[in-house]
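coords-v2.txt follows (compact mmCIF, C-alpha atoms and all ligand atoms):
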```
# COMPACT_ATOMS: atom_id res chain seq x y z
CA MET A 35 28.01 -107.74 203.65
CA SER A 36 26.09 -105.19 201.68
CA SER A 37 23.63 -106.43 199.12
CA VAL A 38 24.19 -103.69 196.57
CA SER A 39 27.20 -101.41 196.56
CA VAL A 40 27.59 -98.53 194.14
CA ARG A 41 31.18 -97.32 194.28
CA ASP A 42 32.30 -93.99 192.86
CA VAL A 43 30.11 -94.34 189.81
CA THR A 44 30.05 -91.95 186.89
CA VAL A 45 27.79 -92.43 183.88
CA ALA A 46 28.34 -90.72 180.55
CA PHE A 47 25.68 -90.04 177.94
CA GLU A 48 27.91 -89.00 175.04
CA ALA A 49 29.12 -85.54 176.13
CA VAL A 50 26.93 -85.38 179.26
CA GLN A 51 28.36 -86.74 182.50
CA VAL A 52 25.86 -87.90 185.08
CA PHE A 53 26.96 -88.51 188.71
CA ASP A 54 30.22 -87.19 189.99
CA GLY A 55 31.53 -90.36 191.60
CA LEU A 56 28.32 -91.43 193.30
CA SER A 57 28.45 -94.05 196.07
CA LEU A 58 25.67 -95.89 197.88
CA ASP A 59 25.66 -98.98 200.12
CA ILE A 60 22.48 -101.03 200.50
CA GLN A 61 22.18 -103.75 203.13
CA GLU A 62 20.68 -107.19 202.60
CA GLY A 63 16.90 -107.14 203.06
CA GLU A 64 16.68 -103.35 203.01
CA PHE A 65 13.89 -101.48 201.25
CA ILE A 66 15.62 -98.46 199.71
CA VAL A 67 13.65 -95.74 197.93
CA LEU A 68 15.36 -93.37 195.51
CA LEU A 69 13.32 -90.15 195.71
CA GLY A 70 13.67 -86.90 193.81
CA PRO A 71 12.23 -84.62 191.15
CA SER A 72 12.29 -85.39 187.45
CA GLY A 73 15.81 -85.46 186.03
CA CYS A 74 17.59 -85.96 189.37
CA GLY A 75 19.07 -89.27 188.17
CA LYS A 76 16.95 -91.90 189.96
CA SER A 77 16.35 -94.02 186.87
CA THR A 78 19.93 -93.67 185.72
CA LEU A 79 21.15 -94.98 189.08
CA LEU A 80 18.68 -97.88 189.00
CA ASN A 81 19.64 -98.73 185.41
CA ALA A 82 23.32 -98.66 186.33
CA ILE A 83 22.63 -101.17 189.14
CA ALA A 84 20.59 -103.28 186.72
CA GLY A 85 23.26 -103.19 184.02
CA LEU A 86 20.92 -101.58 181.50
CA LEU A 87 23.55 -98.93 180.93
CA ASP A 88 27.32 -98.95 181.23
CA VAL A 89 29.15 -97.01 183.88
CA ALA A 90 32.07 -94.89 182.67
CA GLU A 91 33.89 -95.07 185.99
CA GLY A 92 33.45 -96.88 189.26
CA GLN A 93 32.02 -100.27 190.16
CA ILE A 94 28.73 -101.96 190.97
CA TRP A 95 28.78 -104.86 193.45
CA ILE A 96 25.82 -107.15 194.07
CA ASN A 97 25.95 -109.79 196.82
CA GLY A 98 29.68 -109.54 197.21
CA LYS A 99 30.44 -109.87 193.51
CA ASN A 100 31.76 -107.20 191.19
CA VAL A 101 29.08 -107.15 188.45
CA THR A 102 30.18 -103.91 186.75
CA TRP A 103 30.61 -105.70 183.44
CA GLU A 104 28.03 -108.48 183.84
CA GLU A 105 24.89 -108.69 181.70
CA PRO A 106 21.63 -107.73 183.48
CA LYS A 107 20.49 -111.38 183.43
CA ASP A 108 23.63 -112.49 185.26
CA ARG A 109 23.38 -109.97 188.12
CA GLY A 110 20.88 -111.82 190.32
CA ILE A 111 18.30 -109.04 190.02
CA ALA A 112 14.67 -108.78 188.94
CA MET A 113 13.10 -105.61 187.58
CA VAL A 114 9.59 -104.16 187.53
CA PHE A 115 8.92 -101.16 185.33
CA GLN A 116 6.20 -98.54 185.11
CA SER A 117 4.92 -100.08 181.87
CA TYR A 118 3.98 -103.69 182.50
CA ALA A 119 5.40 -104.94 179.18
CA LEU A 120 3.45 -108.20 179.31
CA TYR A 121 3.23 -110.43 176.24
CA PRO A 122 -0.32 -109.76 174.97
CA ARG A 123 -0.94 -113.19 173.42
CA MET A 124 0.25 -115.19 176.39
CA SER A 125 -1.78 -116.08 179.45
CA VAL A 126 -0.76 -114.79 182.85
CA ARG A 127 0.78 -118.18 183.61
CA GLU A 128 2.79 -118.14 180.35
CA ASN A 129 3.89 -114.55 180.99
CA MET A 130 5.17 -115.51 184.39
CA SER A 131 6.84 -118.73 183.15
CA PHE A 132 8.46 -117.31 180.04
CA GLY A 133 11.79 -116.17 181.51
CA LEU A 134 12.22 -119.43 183.40
CA LYS A 135 11.49 -121.47 180.28
CA MET A 136 14.12 -119.51 178.38
CA ALA A 137 16.55 -120.29 181.19
CA ARG A 138 15.63 -124.00 180.79
CA THR A 139 14.32 -124.31 184.33
CA PRO A 140 12.69 -127.76 184.82
CA LYS A 141 8.92 -127.70 184.37
CA PRO A 142 7.91 -128.78 187.89
CA GLU A 143 10.17 -126.06 189.30
CA ILE A 144 8.53 -123.45 187.02
CA GLU A 145 5.08 -124.59 188.16
CA ARG A 146 6.09 -124.43 191.79
CA ARG A 147 7.50 -120.92 191.53
CA VAL A 148 4.57 -119.57 189.48
CA ALA A 149 2.07 -121.03 191.93
CA ARG A 150 3.89 -119.51 194.89
CA ALA A 151 4.22 -116.06 193.28
CA ALA A 152 0.57 -116.13 192.19
CA GLU A 153 -0.48 -116.97 195.71
CA LEU A 154 1.67 -114.25 197.26
CA LEU A 155 0.15 -111.69 194.87
CA GLN A 156 -3.37 -113.13 195.04
CA ILE A 157 -3.63 -113.66 191.29
CA THR A 158 -4.13 -117.45 191.27
CA PRO A 159 -7.67 -117.14 189.79
CA LEU A 160 -6.27 -115.03 186.93
CA LEU A 161 -3.56 -117.44 185.75
CA ASP A 162 -5.39 -118.50 182.58
CA ARG A 163 -6.45 -115.02 181.48
CA ARG A 164 -4.70 -112.87 178.90
CA PRO A 165 -3.38 -109.38 179.83
CA ASP A 166 -6.23 -107.63 177.97
CA GLN A 167 -8.66 -109.39 180.32
CA LEU A 168 -7.05 -107.76 183.36
CA SER A 169 -7.32 -104.38 185.06
CA GLY A 170 -4.27 -102.10 185.32
CA GLY A 171 -3.67 -103.12 188.92
CA GLN A 172 -3.90 -106.81 188.05
CA ARG A 173 -1.47 -106.35 185.15
CA GLN A 174 1.03 -104.70 187.44
CA ARG A 175 0.65 -107.62 189.88
CA VAL A 176 1.47 -109.99 187.02
CA ALA A 177 4.51 -107.88 186.16
CA ILE A 178 5.63 -108.13 189.79
CA GLY A 179 4.88 -111.87 189.71
CA ARG A 180 7.06 -112.29 186.66
CA ALA A 181 9.92 -110.68 188.58
CA LEU A 182 9.14 -112.71 191.69
CA VAL A 183 9.49 -116.13 190.02
CA ARG A 184 13.14 -115.40 189.32
CA ASP A 185 13.88 -115.82 193.04
CA ALA A 186 16.28 -112.89 192.79
CA ALA A 187 18.04 -111.52 195.84
CA VAL A 188 17.58 -107.94 194.64
CA PHE A 189 14.43 -106.38 193.23
CA LEU A 190 14.56 -103.13 191.27
CA PHE A 191 11.34 -101.14 190.81
CA ASP A 192 11.13 -98.11 188.50
CA GLU A 193 7.97 -96.14 189.36
CA PRO A 194 5.84 -99.30 189.24
CA LEU A 195 2.66 -97.61 190.43
CA SER A 196 2.63 -94.37 188.49
CA ASN A 197 0.25 -95.63 185.77
CA LEU A 198 -2.42 -96.58 188.30
CA ASP A 199 -5.23 -94.48 189.77
CA ALA A 200 -4.92 -93.23 193.34
CA LYS A 201 -6.95 -95.99 195.01
CA LEU A 202 -5.15 -98.84 193.23
CA ARG A 203 -1.83 -97.19 193.89
CA ASN A 204 -2.54 -97.23 197.63
CA GLU A 205 -3.64 -100.86 197.52
CA LEU A 206 -0.66 -102.09 195.56
CA ARG A 207 1.71 -100.04 197.69
CA VAL A 208 0.54 -101.96 200.73
CA GLU A 209 0.90 -105.22 198.76
CA ILE A 210 4.50 -104.41 197.89
CA LYS A 211 5.27 -103.63 201.52
CA ARG A 212 3.66 -106.89 202.62
CA LEU A 213 5.58 -108.78 199.93
CA HIS A 214 8.87 -107.34 201.15
CA ALA A 215 8.06 -108.38 204.72
CA ARG A 216 7.11 -111.92 203.63
CA LEU A 217 10.18 -112.40 201.45
CA GLY A 218 12.37 -111.53 204.42
CA LYS A 219 15.87 -111.14 203.06
CA THR A 220 15.04 -109.73 199.63
CA THR A 221 16.59 -106.33 198.98
CA MET A 222 14.38 -103.82 197.20
CA VAL A 223 15.46 -100.64 195.41
CA TYR A 224 12.48 -98.57 194.41
CA VAL A 225 12.42 -95.38 192.32
CA THR A 226 9.67 -92.83 192.79
CA HIS A 227 9.02 -89.10 192.79
CA ASP A 228 6.09 -89.67 195.17
CA GLN A 229 7.05 -88.75 198.72
CA ILE A 230 4.14 -90.70 200.24
CA GLU A 231 5.37 -93.89 198.56
CA ALA A 232 8.87 -93.13 199.78
CA MET A 233 7.80 -92.43 203.37
CA THR A 234 5.51 -95.46 203.65
CA LEU A 235 7.70 -98.07 201.93
CA ALA A 236 11.30 -97.25 202.73
CA ASP A 237 13.59 -98.51 205.44
CA ARG A 238 15.87 -95.74 204.16
CA ILE A 239 15.20 -93.00 201.63
CA VAL A 240 17.87 -91.64 199.31
CA VAL A 241 16.86 -88.09 198.37
CA MET A 242 18.43 -86.91 195.11
CA LYS A 243 18.64 -83.60 193.28
CA GLU A 244 20.59 -82.74 190.15
CA GLN A 245 22.30 -86.14 190.11
CA LYS A 246 23.63 -85.79 193.64
CA ILE A 247 22.57 -87.55 196.80
CA GLN A 248 21.23 -84.93 199.20
CA GLN A 249 20.50 -87.16 202.18
CA ILE A 250 20.22 -90.83 203.09
CA GLY A 251 18.09 -91.62 206.10
CA THR A 252 15.08 -93.34 207.61
CA PRO A 253 11.74 -91.70 206.78
CA ASP A 254 11.75 -90.18 210.30
CA GLU A 255 15.22 -88.73 209.89
CA ILE A 256 14.38 -87.29 206.48
CA TYR A 257 11.16 -85.77 207.79
CA HIS A 258 12.29 -84.51 211.17
CA ARG A 259 15.97 -83.73 210.53
CA PRO A 260 16.25 -82.79 206.86
CA ALA A 261 19.89 -82.25 205.91
CA ASN A 262 19.27 -79.15 203.83
CA LEU A 263 16.62 -76.75 202.52
CA PHE A 264 15.97 -78.85 199.41
CA VAL A 265 15.12 -82.01 201.37
CA ALA A 266 13.07 -79.97 203.86
CA GLY A 267 10.99 -78.44 201.07
CA PHE A 268 10.67 -81.58 198.94
CA VAL A 269 9.35 -83.88 201.66
CA GLY A 270 6.11 -83.04 203.47
CA SER A 271 2.74 -81.80 202.31
CA PRO A 272 1.69 -79.09 202.96
CA GLN A 273 5.23 -77.87 202.68
CA MET A 274 7.42 -76.85 205.61
CA ASN A 275 7.16 -73.11 206.41
CA PHE A 276 10.39 -71.21 205.80
CA ILE A 277 11.11 -67.96 207.61
CA LYS A 278 14.24 -65.91 206.92
CA GLY A 279 16.01 -64.31 209.86
CA ARG A 280 19.21 -64.44 211.85
CA ILE A 281 20.62 -65.95 215.01
CA GLU A 282 21.43 -63.58 217.87
CA ASN A 283 22.86 -64.05 221.32
CA THR A 284 20.30 -62.31 223.51
CA GLY A 285 21.95 -62.88 226.85
CA GLU A 286 19.58 -65.74 227.67
CA GLY A 287 21.18 -67.93 225.04
CA LEU A 288 20.70 -68.07 221.30
CA SER A 289 17.51 -66.83 219.68
CA PHE A 290 16.11 -66.67 216.19
CA LEU A 291 15.02 -63.17 215.17
CA SER A 292 12.93 -62.17 212.20
CA GLY A 293 11.42 -58.70 212.48
CA GLU A 294 8.97 -58.81 215.37
CA ARG A 295 9.14 -62.59 215.57
CA ARG A 296 11.55 -64.06 218.07
CA LEU A 297 12.16 -67.63 219.13
CA SER A 298 14.43 -68.80 221.93
CA LEU A 299 16.49 -71.71 220.63
CA ALA A 300 16.90 -73.35 224.06
CA GLY A 301 16.65 -77.10 223.46
CA TYR A 302 17.37 -76.95 219.73
CA GLN A 303 20.00 -79.55 218.79
CA PHE A 304 22.49 -77.82 216.57
CA ALA A 305 24.16 -79.95 213.91
CA ALA A 306 26.87 -77.31 213.45
CA THR A 307 28.22 -74.64 215.78
CA PRO A 308 26.06 -71.58 215.18
CA LEU A 309 27.61 -68.13 214.94
CA PRO A 310 25.60 -65.23 216.32
CA GLY A 311 24.69 -62.83 213.54
CA ARG A 312 24.42 -65.65 211.02
CA GLU A 313 21.67 -65.34 208.39
CA VAL A 314 19.45 -68.41 208.60
CA VAL A 315 16.19 -69.90 207.43
CA LEU A 316 13.91 -71.32 210.11
CA GLY A 317 11.84 -74.29 208.98
CA ILE A 318 8.65 -75.28 210.80
CA ARG A 319 6.31 -78.07 209.72
CA PRO A 320 2.66 -76.89 209.59
CA GLU A 321 1.68 -79.41 212.30
CA HIS A 322 4.33 -77.99 214.62
CA LEU A 323 2.72 -74.53 214.68
CA LYS A 324 0.04 -74.52 217.37
CA ILE A 325 -2.71 -72.00 217.78
CA SER A 326 -2.72 -71.15 221.47
CA GLY A 327 -3.68 -68.42 223.90
CA ALA A 328 -0.23 -67.86 225.33
CA GLY A 329 2.00 -68.37 222.35
CA THR A 330 5.32 -67.40 220.91
CA TRP A 331 4.15 -65.16 218.09
CA PRO A 332 1.06 -62.96 218.57
CA GLY A 333 -0.46 -60.79 215.86
CA PHE A 334 -1.39 -63.36 213.19
CA LYS A 335 -4.70 -63.18 211.35
CA VAL A 336 -6.43 -66.15 209.72
CA ASP A 337 -6.66 -65.74 205.91
CA ILE A 338 -7.92 -69.05 204.58
CA VAL A 339 -9.23 -72.22 206.21
CA GLU A 340 -8.86 -75.50 204.26
CA PRO A 341 -10.70 -78.45 205.85
CA MET A 342 -9.01 -81.72 204.81
CA GLY A 343 -11.14 -84.22 206.70
CA ALA A 344 -8.96 -85.52 209.51
CA ASP A 345 -7.24 -82.16 209.88
CA THR A 346 -7.42 -78.58 208.71
CA VAL A 347 -4.81 -76.36 207.09
CA ILE A 348 -5.03 -72.73 208.13
CA TRP A 349 -3.20 -69.96 206.32
CA CYS A 350 -2.27 -67.18 208.75
CA SER A 351 -0.36 -63.98 208.13
CA ASP A 352 1.16 -61.10 210.00
CA GLY A 353 2.78 -57.98 208.52
CA ALA A 354 5.88 -59.99 207.57
CA GLY A 355 4.36 -62.90 205.63
CA SER A 356 2.15 -65.95 205.76
CA VAL A 357 2.50 -69.44 207.24
CA GLN A 358 0.48 -72.65 207.06
CA VAL A 359 -0.73 -74.23 210.28
CA ARG A 360 -2.14 -77.74 210.43
CA ILE A 361 -4.51 -78.58 213.23
CA ALA A 362 -6.40 -81.74 214.10
CA GLY A 363 -10.00 -81.84 215.24
CA SER A 364 -13.07 -79.89 214.33
CA ARG A 365 -12.63 -76.70 216.36
CA ARG A 366 -11.06 -74.29 213.95
CA PRO A 367 -10.73 -70.51 213.87
CA ALA A 368 -12.66 -68.52 211.28
CA PRO A 369 -11.16 -66.32 208.57
CA GLY A 370 -10.39 -62.87 209.96
CA GLU A 371 -9.83 -64.13 213.50
CA SER A 372 -6.68 -63.00 215.33
CA VAL A 373 -4.50 -65.82 216.58
CA THR A 374 -1.26 -66.38 218.46
CA LEU A 375 1.08 -69.12 217.25
CA HIS A 376 3.10 -71.33 219.54
CA VAL A 377 6.43 -72.75 218.35
CA ASP A 378 8.47 -75.41 220.16
CA PRO A 379 12.19 -74.91 219.39
CA THR A 380 12.84 -78.66 219.63
CA GLU A 381 10.56 -79.21 216.63
CA VAL A 382 12.05 -76.70 214.19
CA SER A 383 14.91 -76.94 211.70
CA LEU A 384 17.53 -74.25 211.08
CA PHE A 385 19.40 -73.89 207.82
CA ALA A 386 22.26 -71.61 206.77
CA ALA A 387 20.80 -68.99 204.43
CA ASP A 388 23.78 -69.16 202.07
CA SER A 389 24.50 -72.88 201.71
CA GLY A 390 21.07 -74.23 202.70
CA GLU A 391 22.76 -76.80 204.96
CA ARG A 392 21.19 -77.78 208.27
CA LEU A 393 22.61 -76.00 211.32
N1 LIG A 401 20.03 -91.22 177.11
C1 LIG A 401 20.35 -90.04 177.66
N2 LIG A 401 21.11 -89.15 177.00
C2 LIG A 401 21.49 -87.96 177.57
N3 LIG A 401 21.12 -87.58 178.80
C3 LIG A 401 20.35 -88.43 179.51
C4 LIG A 401 19.92 -89.70 179.00
N4 LIG A 401 19.17 -90.31 179.94
C5 LIG A 401 19.13 -89.46 180.99
N5 LIG A 401 19.83 -88.33 180.75
C6 LIG A 401 20.03 -87.21 181.67
O1 LIG A 401 20.45 -87.72 182.92
C7 LIG A 401 19.83 -87.04 183.98
C8 LIG A 401 19.11 -88.02 184.89
O2 LIG A 401 18.02 -88.60 184.21
P1 LIG A 401 17.09 -89.73 184.86
O3 LIG A 401 16.19 -90.26 183.82
O4 LIG A 401 17.94 -90.67 185.60
O5 LIG A 401 16.26 -88.87 185.91
P2 LIG A 401 15.04 -89.32 186.81
O6 LIG A 401 15.32 -88.75 188.14
O7 LIG A 401 14.82 -90.77 186.71
O8 LIG A 401 13.86 -88.51 186.16
P3 LIG A 401 12.36 -88.99 185.79
O9 LIG A 401 11.62 -89.07 187.08
O10 LIG A 401 11.90 -87.88 184.90
O11 LIG A 401 12.50 -90.30 185.09
C9 LIG A 401 18.90 -86.01 183.36
O12 LIG A 401 19.55 -84.76 183.39
C10 LIG A 401 18.73 -86.51 181.95
O13 LIG A 401 18.52 -85.43 181.07
```
What would you get if you wrote out this structure as structure tokens?
Amino acid sequence: MSSVSVRDVTVAFEAVQVFDGLSLDIQEGEFIVLLGPSGCGKSTLLNAIAGLLDVAEGQIWINGKNVTWEEPKDRGIAMVFQSYALYPRMSVRENMSFGLKMARTPKPEIERRVARAAELLQITPLLDRRPDQLSGGQRQRVAIGRALVRDAAVFLFDEPLSNLDAKLRNELRVEIKRLHARLGKTTMVYVTHDQIEAMTLADRIVVMKEQKIQQIGTPDEIYHRPANLFVAGFVGSPQMNFIKGRIENTGEGLSFLSGERRLSLAGYQFAATPLPGREVVLGIRPEHLKISGAGTWPGFKVDIVEPMGADTVIWCSDGAGSVQVRIAGSRRPAPGESVTLHVDPTEVSLFAADSGERL
């Protein structure tokens, strides 16, 4: 049984229709990340699941129950937003207890749940403080704690870390992952535009663009087998290199040709039957371009060298354009040096130039 099921949903904001019959199935205990650029519809989808907005068509099911017309509080969900929205005059303990008190939960039960949530989030020593006596990271922990005490089967997060500085964001990201592992069967749906958060947290990532799902897959699938040019370009930093060219049958099998550059496609797993002569875009991750003596593409010159600590990004160009190469280790070529690049056809992606779909 799926934990959350979005079935053929359309949302209407007055004259504007969002989602053209969008569907998504989320399994019990899954950590799902909705990833995409601003305006792609992540928050709208999350709010539709939460019941914070009405759907015009379609249904939302949570834990086997059609909740399309249920109030948010009756859906068995808990939400954590970007803004913590804590009550400023209440202590942390009161903030965390408030919802349960309103629901007339017995006092010992409230105390038990608050103590457990506080322990899980390591905020027990802060229970008697007020929000203005806490750091941003601590406030967000309290906001998560307030959601946690509800014992909901489904957690919805809307960019919970985007107000925090980089270091805190990393710390709390790990906390959320640990929390999900400890809670076991709790389903989490998490909205972000941050691809690192998506890659590190998700069991499956849902990549969205212009209110359409582009791809659903594990972080590895999204990274190594992107379904189209948009996903390929959106995920990964530095970005995947894109080289325009065409597929030709050279007698020794299919090859990619782009001016002087040629790549035998022996070993490439085609997702669709390729037609010789087809205009394509070849995608290569910077770490999959190797600088080597006997390589695939000679005649590149090093333009810029960017040391990044653990690895180095090298911008190289030939007459036809420039590519980024990512190498590990400290031995790096110098600007102006001539290099040959090695490409392994099993590590590249091919996309149709017209539709952008993976080939
Ligand atoms: N209340 C509204 N009235 C009209 N259009 C809206 C409303 N809320 C959202 N939209 C539109 O719906 C689309 C999806 O918006 P949504 O907020 O879900 O995107 P998002 O991916 O969450 O973006 P962000 O990361 O900027 O929050 C956008 O085109 C937006 O303009």
**OP:** Give as a PyMOL selection string the residues surrounding ligand LIG 401 (chain A) up to a distance of 7 Å, considering only C-alpha atoms and all ligand atoms.
**Re:** chain A and resi 47-48+50+52+70-79+227+245
Subject >> Shell of 12 Å around Val208 in chain A, all atoms listed in the file, local chain residues under 5 positions omitted, as a ChimeraX atom specification >> reply: /A:155,195,201-203,213-215,230-231,234-236
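Distance annotation: of A:Ser389, A:Thr380, A:Thr221, A:Gln116, the residue with the minimal separation from Ala261 in chain A is A:Ser389; atom set is all atoms listed in the file.
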**OP:** May I have the protein, DNA and RNA residues with any atom at most 12 Å from the point (21.5, -108.5, 180.2), counting all atoms listed in the file, written as JSON, numbers by chain?
**Re:** {"A": [81, 82, 83, 84, 85, 86, 87, 88, 101, 102, 103, 104, 105, 106, 107, 108, 109, 110, 111, 112, 113]}
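Counting all atoms listed in the file and comparing A:Val148, A:Leu120, A:Leu69, A:Leu291, the residue that lies closest to Val314 in chain A is A:Leu291.
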Original post:
Can you tell me, as a ChimeraX atom specification, which residues sit within 12 Å of (12.9, -106.8, 195.9) in the file's frame, using only C-alpha atoms?
Top reply: /A:37-38,62-67,110-114,178-179,181-192,210-225,235-236
